[in-house]
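Text of input-v7.cif (mmCIF, C-alpha atoms and all ligand atoms) as supplied:
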```cif
data_final
loop_
_atom_site.group_PDB
_atom_site.id
_atom_site.type_symbol
_atom_site.label_atom_id
_atom_site.label_comp_id
_atom_site.auth_asym_id
_atom_site.auth_seq_id
_atom_site.Cartn_x
_atom_site.Cartn_y
_atom_site.Cartn_z
ATOM 1 C CA MET J 1 24.711 10.675 -44.298
ATOM 2 C CA PRO J 2 26.126 7.255 -45.250
ATOM 3 C CA THR J 3 24.002 5.120 -47.587
ATOM 4 C CA PRO J 4 21.948 2.680 -45.473
ATOM 5 C CA THR J 5 22.968 -0.957 -45.654
ATOM 6 C CA ARG J 6 20.097 -3.181 -46.665
ATOM 7 C CA TYR J 7 18.762 -6.072 -44.572
ATOM 8 C CA ALA J 8 15.515 -8.042 -44.663
ATOM 9 C CA VAL J 9 13.506 -10.903 -43.300
ATOM 10 C CA ILE J 10 12.199 -13.362 -45.870
ATOM 11 C CA GLY J 11 9.292 -15.701 -45.100
ATOM 12 C CA HIS J 12 5.793 -16.679 -46.196
ATOM 13 C CA PRO J 13 3.540 -15.302 -44.851
ATOM 14 C CA ILE J 14 5.593 -12.338 -43.647
ATOM 15 C CA ALA J 15 3.231 -9.362 -43.246
ATOM 16 C CA HIS J 16 2.961 -9.734 -39.467
ATOM 17 C CA SER J 17 6.674 -10.271 -38.782
ATOM 18 C CA LEU J 18 7.992 -8.300 -35.811
ATOM 19 C CA SER J 19 11.555 -8.384 -37.149
ATOM 20 C CA PRO J 20 11.439 -4.999 -38.993
ATOM 21 C CA PHE J 21 10.169 -3.361 -35.789
ATOM 22 C CA ILE J 22 12.865 -5.050 -33.671
ATOM 23 C CA HIS J 23 15.729 -4.194 -36.040
ATOM 24 C CA ALA J 24 14.522 -0.583 -36.287
ATOM 25 C CA LEU J 25 14.814 -0.435 -32.470
ATOM 26 C CA PHE J 26 18.351 -1.862 -32.637
ATOM 27 C CA ALA J 27 19.352 0.623 -35.358
ATOM 28 C CA ALA J 28 18.006 3.515 -33.257
ATOM 29 C CA GLN J 29 19.846 2.232 -30.171
ATOM 30 C CA THR J 30 23.198 1.791 -31.878
ATOM 31 C CA GLY J 31 23.096 4.568 -34.511
ATOM 32 C CA GLU J 32 23.770 2.032 -37.287
ATOM 33 C CA THR J 33 22.532 3.195 -40.695
ATOM 34 C CA ILE J 34 20.479 0.296 -42.016
ATOM 35 C CA THR J 35 17.180 -0.484 -43.666
ATOM 36 C CA TYR J 36 15.338 -3.690 -42.773
ATOM 37 C CA GLU J 37 12.289 -4.790 -44.725
ATOM 38 C CA ALA J 38 9.931 -7.768 -44.782
ATOM 39 C CA ILE J 39 9.983 -9.691 -48.061
ATOM 40 C CA ASP J 40 7.498 -12.387 -49.033
ATOM 41 C CA GLY J 41 9.472 -15.381 -50.271
ATOM 42 C CA GLY J 42 6.483 -16.594 -52.272
ATOM 43 C CA GLY J 43 4.617 -19.814 -51.934
ATOM 44 C CA ASP J 44 5.656 -21.385 -55.227
ATOM 45 C CA ASP J 45 8.594 -23.750 -55.721
ATOM 46 C CA GLY J 46 11.782 -21.922 -56.555
ATOM 47 C CA GLY J 47 10.301 -18.628 -55.401
ATOM 48 C CA PHE J 48 12.488 -18.286 -52.330
ATOM 49 C CA GLU J 49 15.770 -18.864 -54.180
ATOM 50 C CA ARG J 50 14.820 -16.276 -56.799
ATOM 51 C CA VAL J 51 13.738 -13.742 -54.189
ATOM 52 C CA LEU J 52 16.994 -14.230 -52.283
ATOM 53 C CA ALA J 53 19.124 -13.931 -55.436
ATOM 54 C CA ASP J 54 17.288 -10.718 -56.358
ATOM 55 C CA PHE J 55 17.879 -9.368 -52.848
ATOM 56 C CA TRP J 56 21.645 -9.973 -53.090
ATOM 57 C CA ALA J 57 21.709 -8.529 -56.626
ATOM 58 C CA ALA J 58 19.986 -5.388 -55.329
ATOM 59 C CA GLY J 59 22.753 -4.886 -52.765
ATOM 60 C CA GLY J 60 21.299 -6.715 -49.763
ATOM 61 C CA CYS J 61 23.963 -7.494 -47.161
ATOM 62 C CA GLY J 62 22.116 -9.783 -44.770
ATOM 63 C CA ALA J 63 18.800 -11.504 -44.249
ATOM 64 C CA ASN J 64 16.872 -13.323 -41.616
ATOM 65 C CA VAL J 65 14.926 -16.247 -42.951
ATOM 66 C CA THR J 66 11.803 -17.592 -41.318
ATOM 67 C CA LEU J 67 9.185 -20.249 -41.975
ATOM 68 C CA PRO J 68 8.959 -22.076 -44.287
ATOM 69 C CA PHE J 69 12.374 -21.339 -45.826
ATOM 70 C CA LYS J 70 14.949 -22.085 -43.116
ATOM 71 C CA LEU J 71 16.051 -25.379 -44.670
ATOM 72 C CA ARG J 72 16.303 -23.899 -48.137
ATOM 73 C CA ALA J 73 18.228 -20.913 -46.742
ATOM 74 C CA LEU J 74 20.940 -23.296 -45.537
ATOM 75 C CA GLN J 75 21.086 -24.934 -48.950
ATOM 76 C CA CYS J 76 21.595 -21.517 -50.595
ATOM 77 C CA ALA J 77 24.715 -20.784 -48.522
ATOM 78 C CA ASP J 78 28.372 -21.299 -49.427
ATOM 79 C CA GLU J 79 29.375 -21.745 -45.776
ATOM 80 C CA ALA J 80 27.453 -22.624 -42.615
ATOM 81 C CA SER J 81 28.104 -22.407 -38.872
ATOM 82 C CA ALA J 82 28.103 -25.532 -36.685
ATOM 83 C CA GLU J 83 24.752 -24.410 -35.230
ATOM 84 C CA ALA J 84 23.176 -24.104 -38.684
ATOM 85 C CA ARG J 85 24.561 -27.489 -39.751
ATOM 86 C CA ALA J 86 23.317 -29.175 -36.552
ATOM 87 C CA ALA J 87 19.904 -27.531 -36.949
ATOM 88 C CA GLY J 88 19.832 -28.443 -40.640
ATOM 89 C CA ALA J 89 18.451 -24.944 -41.121
ATOM 90 C CA ALA J 90 19.516 -21.294 -41.188
ATOM 91 C CA ASN J 91 17.709 -18.256 -39.835
ATOM 92 C CA ALA J 92 20.385 -15.697 -40.716
ATOM 93 C CA LEU J 93 22.441 -15.126 -43.868
ATOM 94 C CA ARG J 94 25.078 -12.586 -44.756
ATOM 95 C CA ARG J 95 26.988 -11.869 -47.933
ATOM 96 C CA VAL J 96 30.695 -11.309 -47.542
ATOM 97 C CA ASP J 97 32.889 -10.809 -50.633
ATOM 98 C CA GLY J 98 30.226 -12.435 -52.809
ATOM 99 C CA ARG J 99 29.957 -15.546 -50.640
ATOM 100 C CA VAL J 100 26.851 -16.338 -48.605
ATOM 101 C CA GLU J 101 27.348 -17.413 -44.981
ATOM 102 C CA ALA J 102 24.581 -19.106 -42.993
ATOM 103 C CA HIS J 103 23.994 -19.147 -39.256
ATOM 104 C CA ASN J 104 21.204 -20.230 -36.961
ATOM 105 C CA PHE J 105 20.673 -18.046 -33.898
ATOM 106 C CA ASP J 106 17.369 -19.559 -32.743
ATOM 107 C CA GLY J 107 19.036 -21.825 -30.182
ATOM 108 C CA ALA J 108 21.408 -19.107 -29.003
ATOM 109 C CA GLY J 109 18.377 -16.816 -28.661
ATOM 110 C CA LEU J 110 16.683 -19.415 -26.487
ATOM 111 C CA VAL J 111 19.781 -19.864 -24.303
ATOM 112 C CA ARG J 112 20.190 -16.105 -23.854
ATOM 113 C CA ASP J 113 16.533 -15.642 -23.010
ATOM 114 C CA LEU J 114 16.650 -18.486 -20.493
ATOM 115 C CA ALA J 115 19.565 -16.634 -18.861
ATOM 116 C CA ALA J 116 17.518 -13.421 -18.897
ATOM 117 C CA HIS J 117 14.860 -15.346 -16.942
ATOM 118 C CA GLY J 118 17.480 -16.225 -14.344
ATOM 119 C CA CYS J 119 17.885 -19.763 -15.599
ATOM 120 C CA ALA J 120 21.473 -21.007 -15.369
ATOM 121 C CA LEU J 121 21.985 -23.874 -17.799
ATOM 122 C CA ALA J 122 25.335 -25.010 -16.407
ATOM 123 C CA GLY J 123 24.613 -28.331 -14.707
ATOM 124 C CA ALA J 124 20.873 -28.072 -15.427
ATOM 125 C CA ARG J 125 18.479 -30.897 -16.231
ATOM 126 C CA VAL J 126 16.632 -29.917 -19.408
ATOM 127 C CA LEU J 127 13.522 -31.480 -20.891
ATOM 128 C CA LEU J 128 13.077 -30.595 -24.549
ATOM 129 C CA LEU J 129 9.581 -31.319 -25.874
ATOM 130 C CA GLY J 130 9.268 -31.969 -29.605
ATOM 131 C CA ALA J 131 11.419 -33.429 -32.345
ATOM 132 C CA GLY J 132 10.772 -31.089 -35.287
ATOM 133 C CA GLY J 133 12.871 -28.218 -36.578
ATOM 134 C CA ALA J 134 12.440 -26.072 -33.462
ATOM 135 C CA ALA J 135 13.740 -28.810 -31.142
ATOM 136 C CA ARG J 136 16.567 -29.699 -33.518
ATOM 137 C CA GLY J 137 17.767 -26.088 -33.539
ATOM 138 C CA ALA J 138 17.782 -25.891 -29.742
ATOM 139 C CA LEU J 139 19.641 -29.099 -28.935
ATOM 140 C CA LEU J 140 23.253 -28.111 -29.684
ATOM 141 C CA PRO J 141 23.064 -24.615 -28.106
ATOM 142 C CA LEU J 142 21.472 -26.073 -24.936
ATOM 143 C CA ALA J 143 24.258 -28.648 -24.728
ATOM 144 C CA LEU J 144 26.996 -26.090 -25.400
ATOM 145 C CA ALA J 145 25.537 -23.868 -22.664
ATOM 146 C CA GLY J 146 26.450 -26.602 -20.175
ATOM 147 C CA ALA J 147 23.243 -28.554 -19.573
ATOM 148 C CA GLU J 148 24.142 -31.704 -17.653
ATOM 149 C CA ARG J 149 21.255 -33.772 -18.918
ATOM 150 C CA ILE J 150 18.941 -33.290 -21.879
ATOM 151 C CA VAL J 151 15.945 -35.522 -22.455
ATOM 152 C CA VAL J 152 14.117 -35.081 -25.752
ATOM 153 C CA ALA J 153 10.496 -36.170 -25.381
ATOM 154 C CA ASN J 154 8.110 -36.332 -28.291
ATOM 155 C CA ARG J 155 4.562 -37.511 -28.999
ATOM 156 C CA THR J 156 6.133 -39.883 -31.522
ATOM 157 C CA ALA J 157 9.005 -41.346 -29.487
ATOM 158 C CA GLN J 158 10.766 -42.672 -32.570
ATOM 159 C CA ARG J 159 11.309 -39.138 -33.919
ATOM 160 C CA ALA J 160 12.916 -38.106 -30.605
ATOM 161 C CA GLN J 161 15.209 -41.144 -30.738
ATOM 162 C CA GLN J 162 16.171 -40.356 -34.303
ATOM 163 C CA LEU J 163 16.956 -36.727 -33.452
ATOM 164 C CA VAL J 164 19.137 -37.714 -30.492
ATOM 165 C CA GLN J 165 20.954 -40.344 -32.565
ATOM 166 C CA GLU J 166 21.630 -37.869 -35.357
ATOM 167 C CA LEU J 167 22.954 -35.116 -33.121
ATOM 168 C CA ALA J 168 24.727 -37.098 -30.383
ATOM 169 C CA ALA J 169 28.071 -36.982 -32.192
ATOM 170 C CA HIS J 170 27.918 -33.164 -32.438
ATOM 171 C CA LEU J 171 27.255 -32.629 -28.721
ATOM 172 C CA PRO J 172 29.816 -32.453 -25.906
ATOM 173 C CA ALA J 173 30.426 -35.977 -24.566
ATOM 174 C CA SER J 174 29.709 -34.752 -21.024
ATOM 175 C CA VAL J 175 25.981 -34.241 -21.764
ATOM 176 C CA GLN J 176 23.710 -37.104 -20.736
ATOM 177 C CA LEU J 177 21.281 -37.473 -23.628
ATOM 178 C CA ALA J 178 18.104 -39.507 -23.780
ATOM 179 C CA ALA J 179 14.909 -39.713 -25.808
ATOM 180 C CA CYS J 180 11.449 -40.910 -24.869
ATOM 181 C CA ALA J 181 7.721 -40.572 -25.408
ATOM 182 C CA LEU J 182 5.922 -37.680 -23.671
ATOM 183 C CA GLY J 183 4.260 -39.974 -21.157
ATOM 184 C CA ASP J 184 7.549 -41.695 -20.239
ATOM 185 C CA VAL J 185 9.514 -38.639 -19.105
ATOM 186 C CA PRO J 186 11.954 -39.860 -16.440
ATOM 187 C CA GLY J 187 12.255 -37.730 -13.278
ATOM 188 C CA ALA J 188 12.142 -33.962 -12.793
ATOM 189 C CA PHE J 189 13.758 -31.130 -14.746
ATOM 190 C CA ASP J 190 14.973 -27.593 -14.002
ATOM 191 C CA VAL J 191 13.970 -26.324 -17.447
ATOM 192 C CA VAL J 192 11.163 -27.638 -19.638
ATOM 193 C CA VAL J 193 11.134 -26.177 -23.161
ATOM 194 C CA ASN J 194 8.088 -26.632 -25.356
ATOM 195 C CA ALA J 195 9.442 -26.853 -28.894
ATOM 196 C CA THR J 196 6.344 -28.612 -30.220
ATOM 197 C CA SER J 197 3.800 -26.808 -32.356
ATOM 198 C CA ALA J 198 0.989 -27.878 -29.988
ATOM 199 C CA SER J 199 0.396 -24.314 -28.692
ATOM 200 C CA LEU J 200 -0.430 -23.171 -32.218
ATOM 201 C CA ASP J 201 -3.316 -25.655 -32.169
ATOM 202 C CA GLY J 202 -4.413 -24.663 -28.658
ATOM 203 C CA ALA J 203 -3.144 -27.997 -27.298
ATOM 204 C CA ALA J 204 -0.536 -29.015 -24.735
ATOM 205 C CA PRO J 205 2.033 -31.780 -25.089
ATOM 206 C CA ALA J 206 0.929 -34.402 -22.574
ATOM 207 C CA VAL J 207 3.877 -34.118 -20.200
ATOM 208 C CA PRO J 208 3.502 -35.381 -16.609
ATOM 209 C CA ALA J 209 3.302 -32.749 -13.829
ATOM 210 C CA ALA J 210 6.172 -34.574 -12.080
ATOM 211 C CA ALA J 211 8.490 -33.467 -14.906
ATOM 212 C CA PHE J 212 8.662 -29.972 -13.366
ATOM 213 C CA ALA J 213 11.198 -29.784 -10.522
ATOM 214 C CA PRO J 214 10.520 -27.261 -7.737
ATOM 215 C CA GLN J 215 11.389 -23.774 -9.106
ATOM 216 C CA ALA J 216 11.487 -25.159 -12.661
ATOM 217 C CA LEU J 217 11.187 -22.752 -15.570
ATOM 218 C CA ALA J 218 8.649 -23.726 -18.224
ATOM 219 C CA TYR J 219 9.415 -22.098 -21.559
ATOM 220 C CA ASP J 220 7.064 -22.062 -24.535
ATOM 221 C CA MET J 221 8.756 -21.101 -27.796
ATOM 222 C CA VAL J 222 5.586 -19.470 -29.112
ATOM 223 C CA TYR J 223 4.673 -15.880 -28.215
ATOM 224 C CA GLY J 224 1.609 -13.713 -28.462
ATOM 225 C CA LYS J 225 -0.624 -16.520 -27.205
ATOM 226 C CA GLY J 226 -0.650 -15.580 -23.509
ATOM 227 C CA LEU J 227 -0.760 -18.488 -21.077
ATOM 228 C CA THR J 228 -0.743 -21.422 -23.522
ATOM 229 C CA PRO J 229 -2.193 -24.796 -22.476
ATOM 230 C CA PHE J 230 1.406 -25.978 -21.895
ATOM 231 C CA LEU J 231 2.206 -22.997 -19.667
ATOM 232 C CA ALA J 232 -1.083 -23.417 -17.795
ATOM 233 C CA LEU J 233 -0.192 -27.059 -17.168
ATOM 234 C CA ALA J 234 3.298 -26.002 -16.005
ATOM 235 C CA GLN J 235 1.926 -23.270 -13.763
ATOM 236 C CA ALA J 236 -0.469 -25.732 -12.141
ATOM 237 C CA ALA J 237 2.573 -27.949 -11.458
ATOM 238 C CA GLY J 238 4.287 -25.021 -9.691
ATOM 239 C CA ALA J 239 6.673 -23.942 -12.464
ATOM 240 C CA ARG J 240 7.627 -20.391 -13.460
ATOM 241 C CA CYS J 241 6.473 -19.525 -16.984
ATOM 242 C CA ALA J 242 7.989 -17.732 -19.970
ATOM 243 C CA ASP J 243 6.954 -17.407 -23.607
ATOM 244 C CA GLY J 244 9.176 -17.178 -26.685
ATOM 245 C CA LEU J 245 9.091 -13.404 -27.222
ATOM 246 C CA GLY J 246 12.506 -12.974 -25.620
ATOM 247 C CA MET J 247 13.915 -15.737 -27.836
ATOM 248 C CA LEU J 248 12.703 -13.836 -30.897
ATOM 249 C CA VAL J 249 14.324 -10.605 -29.715
ATOM 250 C CA GLU J 250 17.553 -12.346 -28.666
ATOM 251 C CA GLN J 251 17.990 -14.147 -32.007
ATOM 252 C CA ALA J 252 17.401 -10.802 -33.709
ATOM 253 C CA ALA J 253 20.058 -9.186 -31.485
ATOM 254 C CA ALA J 254 22.523 -11.970 -32.315
ATOM 255 C CA SER J 255 21.818 -11.537 -36.058
ATOM 256 C CA PHE J 256 22.293 -7.764 -35.778
ATOM 257 C CA ALA J 257 25.620 -8.221 -33.959
ATOM 258 C CA TRP J 258 26.761 -10.787 -36.555
ATOM 259 C CA TRP J 259 26.004 -8.349 -39.378
ATOM 260 C CA ARG J 260 27.061 -5.063 -37.817
ATOM 261 C CA GLY J 261 29.669 -5.991 -35.201
ATOM 262 C CA VAL J 262 27.674 -4.037 -32.597
ATOM 263 C CA GLN J 263 25.707 -5.654 -29.772
ATOM 264 C CA PRO J 264 22.253 -4.065 -29.285
ATOM 265 C CA ASP J 265 20.403 -3.930 -25.955
ATOM 266 C CA ALA J 266 17.997 -6.868 -26.263
ATOM 267 C CA ALA J 267 16.377 -6.358 -22.846
ATOM 268 C CA ALA J 268 15.403 -2.765 -23.657
ATOM 269 C CA ALA J 269 14.094 -3.800 -27.086
ATOM 270 C CA ARG J 270 12.136 -6.660 -25.599
ATOM 271 C CA ALA J 271 10.312 -4.292 -23.226
ATOM 272 C CA GLN J 272 9.423 -2.044 -26.172
ATOM 273 C CA VAL J 273 8.217 -4.966 -28.296
ATOM 274 C CA GLN J 274 6.089 -6.185 -25.414
ATOM 275 C CA GLN J 275 4.534 -2.728 -25.057
ATOM 276 C CA HIS J 276 3.957 -2.548 -28.829
ATOM 277 C CA LEU J 277 2.160 -5.921 -28.792
ATOM 278 C CA ALA J 278 0.080 -5.014 -25.732
ATOM 279 C CA GLN J 279 -1.064 -1.830 -27.520
ATOM 280 C CA GLN J 280 -2.222 -4.005 -30.402
ATOM 281 C CA GLY J 281 -4.201 -6.204 -28.071
ATOM 282 C CA VAL J 282 -1.868 -9.203 -28.496
ATOM 283 C CA ALA J 283 -1.731 -11.515 -25.474
ATOM 284 C CA VAL J 284 1.617 -11.000 -23.759
ATOM 285 C CA LEU J 285 2.748 -12.819 -20.660
HETATM 286 P P1 LIG D 301 8.667 -27.518 -36.273
HETATM 287 O O1 LIG D 301 9.643 -27.563 -37.394
HETATM 288 O O2 LIG D 301 7.984 -26.216 -36.054
HETATM 289 O O3 LIG D 301 9.222 -28.075 -35.007
HETATM 290 P P2 LIG D 301 7.327 -29.980 -37.074
HETATM 291 O O4 LIG D 301 8.557 -30.537 -37.704
HETATM 292 O O5 LIG D 301 6.013 -30.132 -37.775
HETATM 293 O O6 LIG D 301 7.431 -28.430 -36.778
HETATM 294 O O7 LIG D 301 7.221 -30.600 -35.616
HETATM 295 C C1 LIG D 301 6.141 -30.357 -34.795
HETATM 296 C C2 LIG D 301 6.430 -30.959 -33.455
HETATM 297 O O8 LIG D 301 5.345 -30.702 -32.555
HETATM 298 C C3 LIG D 301 6.573 -32.473 -33.482
HETATM 299 O O9 LIG D 301 7.492 -32.842 -32.483
HETATM 300 C C4 LIG D 301 5.157 -32.941 -33.132
HETATM 301 O O10 LIG D 301 5.089 -34.238 -32.605
HETATM 302 P P3 LIG D 301 5.082 -35.526 -33.589
HETATM 303 O O11 LIG D 301 6.495 -35.701 -34.070
HETATM 304 O O12 LIG D 301 4.611 -36.650 -32.745
HETATM 305 O O13 LIG D 301 4.136 -35.171 -34.711
HETATM 306 C C5 LIG D 301 4.799 -31.928 -32.102
HETATM 307 N N1 LIG D 301 3.354 -31.731 -31.869
HETATM 308 C C6 LIG D 301 2.484 -31.097 -32.666
HETATM 309 N N2 LIG D 301 1.247 -31.085 -32.104
HETATM 310 C C7 LIG D 301 1.357 -31.721 -30.914
HETATM 311 C C8 LIG D 301 0.449 -32.022 -29.863
HETATM 312 N N3 LIG D 301 -0.842 -31.670 -29.905
HETATM 313 N N4 LIG D 301 0.931 -32.672 -28.769
HETATM 314 C C9 LIG D 301 2.219 -33.049 -28.706
HETATM 315 N N5 LIG D 301 3.133 -32.772 -29.673
HETATM 316 C C10 LIG D 301 2.713 -32.128 -30.752
#
```

Structure re-expressed in structure tokens:
Amino acid sequence: MPTPTRYAVIGHPIAHSLSPFIHALFAAQTGETITYEAIDGGGDDGGFERVLADFWAAGGCGANVTLPFKLRALQCADEASAEARAAGAANALRRVDGRVEAHNFDGAGLVRDLAAHGCALAGARVLLLGAGGAARGALLPLALAGAERIVVANRTAQRAQQLVQELAAHLPASVQLAACALGDVPGAFDVVVNATSASLDGAAPAVPAAAFAPQALAYDMVYGKGLTPFLALAQAAGARCADGLGMLVEQAAASFAWWRGVQPDAAAARAQVQQHLAQQGVAVL
């Protein structure tokens, strides 16, 4: 038996992370010999950097990083992908020849999951709700996937404008980009992505029903909350609904492939994760 290669997810809190479960599924699917553990990055200043350094010193080869350490994870890296630089944050690290490389697969996970929901982004009109880290991470991958138009709408319009201004130079020139307040969303969209944290507070971003084109897909980045107020609003406007569970599994699959050079079956894993959550009484869509 080869010695398992060590991977982990680092966050705070981390006890309820699904990542160890998901990566165990991938390892079983592909026959890769790995361990994948959840590590608490600590709440104190400097804790995360120490925990990460200890992990590398103990032979760790790669790590996912989750809230609240994604920005600090990028700062710990020697090199970063364009996606991580655009997001200003990393959710995956790997150590190659003593150097730490950073990537951010959150946006790619979103794009892949949208495709899994039958949503073709080429030529699509996309409404991205929110202007925090989650929206920032999604903008470049959505543009690179061929969206024709992306409007970033935020409760505080100024933050949306700032985000668009900052990232415009990194996006393909063919993308029509705009920013506005939630109530000023112009026209209808094929895909509406909720990247705000409103669902975590049981609230919905106040987006007009007219923002959902016929057959639109409404996507909430959160998972385990069932039909969130945003998705209920979208459903009432006639949209199809999806939560962020697939995005979680897809970013995990992309991390696994980046580390191991083997592509796991994300769709099969997603079905198993969904079953696992349902057994625990978690609200799944
Ligand atoms: P994250 O990094 O998870 O995106 P964040 O930087 O705190 O978190 O951003 C949260 C986002 O959700 C912001 O876009 C915020 O809007 P503001 O910039 O106006 O604060 C948005 N948000 C949070 N609660 C909301 C609500 N009830 N309705 C609409 N937007 C909300």

Just want the residues within 7 Å of ligand LIG 301 (chain D), written as a list in words, counting all atoms listed in the file.
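Counting only what the definition allows, namely all atoms listed in the file, the set is Gly130, Ala131, Gly132, Gly133, Ala134, Ala135, Asn154, Arg155, Thr156, Arg159, Ala195, Thr196, Ser197, Ala198, Asp201, Ala203, Ala204, Pro205 and Ala206 of chain J.
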
File of the preceding selection, C-alpha atoms, as a PDB file, in the frame of the given file:
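After the write, selection_0.pdb holds the following:
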```
ATOM      1  CA  GLY J 130       9.268 -31.969 -29.605  1.00  0.00           C
ATOM      2  CA  ALA J 131      11.419 -33.429 -32.345  1.00  0.00           C
ATOM      3  CA  GLY J 132      10.772 -31.089 -35.287  1.00  0.00           C
ATOM      4  CA  GLY J 133      12.871 -28.218 -36.578  1.00  0.00           C
ATOM      5  CA  ALA J 134      12.440 -26.072 -33.462  1.00  0.00           C
ATOM      6  CA  ALA J 135      13.740 -28.810 -31.142  1.00  0.00           C
ATOM      7  CA  ASN J 154       8.110 -36.332 -28.291  1.00  0.00           C
ATOM      8  CA  ARG J 155       4.562 -37.511 -28.999  1.00  0.00           C
ATOM      9  CA  THR J 156       6.133 -39.883 -31.522  1.00  0.00           C
ATOM     10  CA  ARG J 159      11.309 -39.138 -33.919  1.00  0.00           C
ATOM     11  CA  ALA J 195       9.442 -26.853 -28.894  1.00  0.00           C
ATOM     12  CA  THR J 196       6.344 -28.612 -30.220  1.00  0.00           C
ATOM     13  CA  SER J 197       3.800 -26.808 -32.356  1.00  0.00           C
ATOM     14  CA  ALA J 198       0.989 -27.878 -29.988  1.00  0.00           C
ATOM     15  CA  ASP J 201      -3.316 -25.655 -32.169  1.00  0.00           C
ATOM     16  CA  ALA J 203      -3.144 -27.997 -27.298  1.00  0.00           C
ATOM     17  CA  ALA J 204      -0.536 -29.015 -24.735  1.00  0.00           C
ATOM     18  CA  PRO J 205       2.033 -31.780 -25.089  1.00  0.00           C
ATOM     19  CA  ALA J 206       0.929 -34.402 -22.574  1.00  0.00           C
TER      20      ALA J 206
END
```

With all atoms listed in the file as the basis for distance, which of J:Ala120, J:Val222, J:Leu129, J:Leu163 is at the shortest distance from Gly146 of chain J?
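Closest to Gly146 of chain J of all the choices is J:Ala120.
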
Find the residues near Leu144 of chain J: any atom within 12 Å, counting only C-alpha atoms, skip ones fewer than 2 places away on the same chain, and give them as a list of chain:residue names.
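Within the cut-off, the hits are J:Ala82, J:Glu83, J:Gly107, J:Ala108, J:Val111, J:Leu121, J:Ala122, J:Gly123, J:Ala124, J:Ala138, J:Leu139, J:Leu140, J:Pro141, J:Leu142, J:Gly146, J:Ala147, J:Glu148, J:Arg149, J:Ile150, J:His170, J:Leu171, J:Pro172, J:Ala173, J:Ser174, J:Val175.
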
Chain and number of each residue from the PyMOL selection byres (((chain J and resi 185) around 8) and not hetatm), as a PyMOL selection string
chain J and resi 151+153+180-184+186-187+207-208+211

Selected residue, from J:Thr66, J:Asp190, J:Thr33, J:Leu128, that lies nearest to His16 of chain J when counting all atoms listed in the file:
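Counting all atoms listed in the file, the residue closest to His16 of chain J is J:Thr66.
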
How big is the axis-aligned box around the listed atoms of segment 121-130 of chain J once 5 Å is added on each side, and where is its centre? Give both in Å to one decimal, as AutoDock Vina command-line options.
```
--center_x 17.3 --center_y -27.9 --center_z -22.2 --size_x 26.1 --size_y 18.1 --size_z 24.9
```

Got a sec to resolve the PyMOL selection byres (((chain J and resi 52) around 12) and not hetatm) on this structure and send the residues as a count of residues only?
39

Interatomic distance between atom CA of Phe212 of chain J and atom CA of Asn194 of chain J?
12.5 Å

To one decimal place in Å, what is the distance between atom CA of Leu67 of chain J and atom CA of Ala28 of chain J?
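Going from atom CA of Leu67 of chain J over to atom CA of Ala28 of chain J, I get 26.8 Å.
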
Find the residue from J:Ala242, J:Ala271, J:Ala168, J:Ala179 that sits nearest to Phe230 of chain J; use all atoms listed in the file when measuring.
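For Phe230 of chain J, the nearest of the candidates is J:Ala242.
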
Check the smallest atom-to-atom distance from each of J:Val193, J:Leu114, J:Leu177, J:Leu245 to Ala283 of chain J using all atoms listed in the file, then report the winner.
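The shortest atom-to-atom distance to Ala283 of chain J comes from J:Leu245.
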
Selection result for the PyMOL selection byres (((chain J and resi 219) around 7) and not hetatm) on this file, as number ranges by chain:
J: 192-194, 217-218, 220-221, 241-243

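Taking atom CA of Leu285 of chain J as the reference point, atom CA of Gly246 of chain J is found at 10.9 Å.
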
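Restricting the calculation to all atoms listed in the file, the smallest distance between Phe256 of chain J and any of J:Thr3, J:His23, J:Pro229, J:Ala15 is found for J:His23.
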
Counting all atoms listed in the file, which of J:Ala160, J:Ala87, J:Val273, J:Ala115 gets nearest to Arg136 of chain J?
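Under the stated criterion, the closest residue is J:Ala87.
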
For Gly261 of chain J, work out the shell of residues within 12 Å, counting all atoms listed in the file and skipping chain neighbours fewer than 6 positions away, then give it as a ChimeraX atom specification.
/J:30,32,253-255

Neighbouring residues of Gln274 of chain J were defined as those with any atom within 8 Å, considering all atoms listed in the file; residues of the same chain fewer than 4 positions away were excluded. Please report them as an mmCIF file with C-alpha atoms, in the frame of the given file.
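around-v1.cif, freshly written:
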```
data_model
loop_
_atom_site.group_PDB
_atom_site.id
_atom_site.type_symbol
_atom_site.label_atom_id
_atom_site.label_comp_id
_atom_site.auth_asym_id
_atom_site.auth_seq_id
_atom_site.Cartn_x
_atom_site.Cartn_y
_atom_site.Cartn_z
ATOM 1 C CA ARG J 270 12.136 -6.660 -25.599
ATOM 2 C CA ALA J 278 0.080 -5.014 -25.732
ATOM 3 C CA VAL J 284 1.617 -11.000 -23.759
#
```
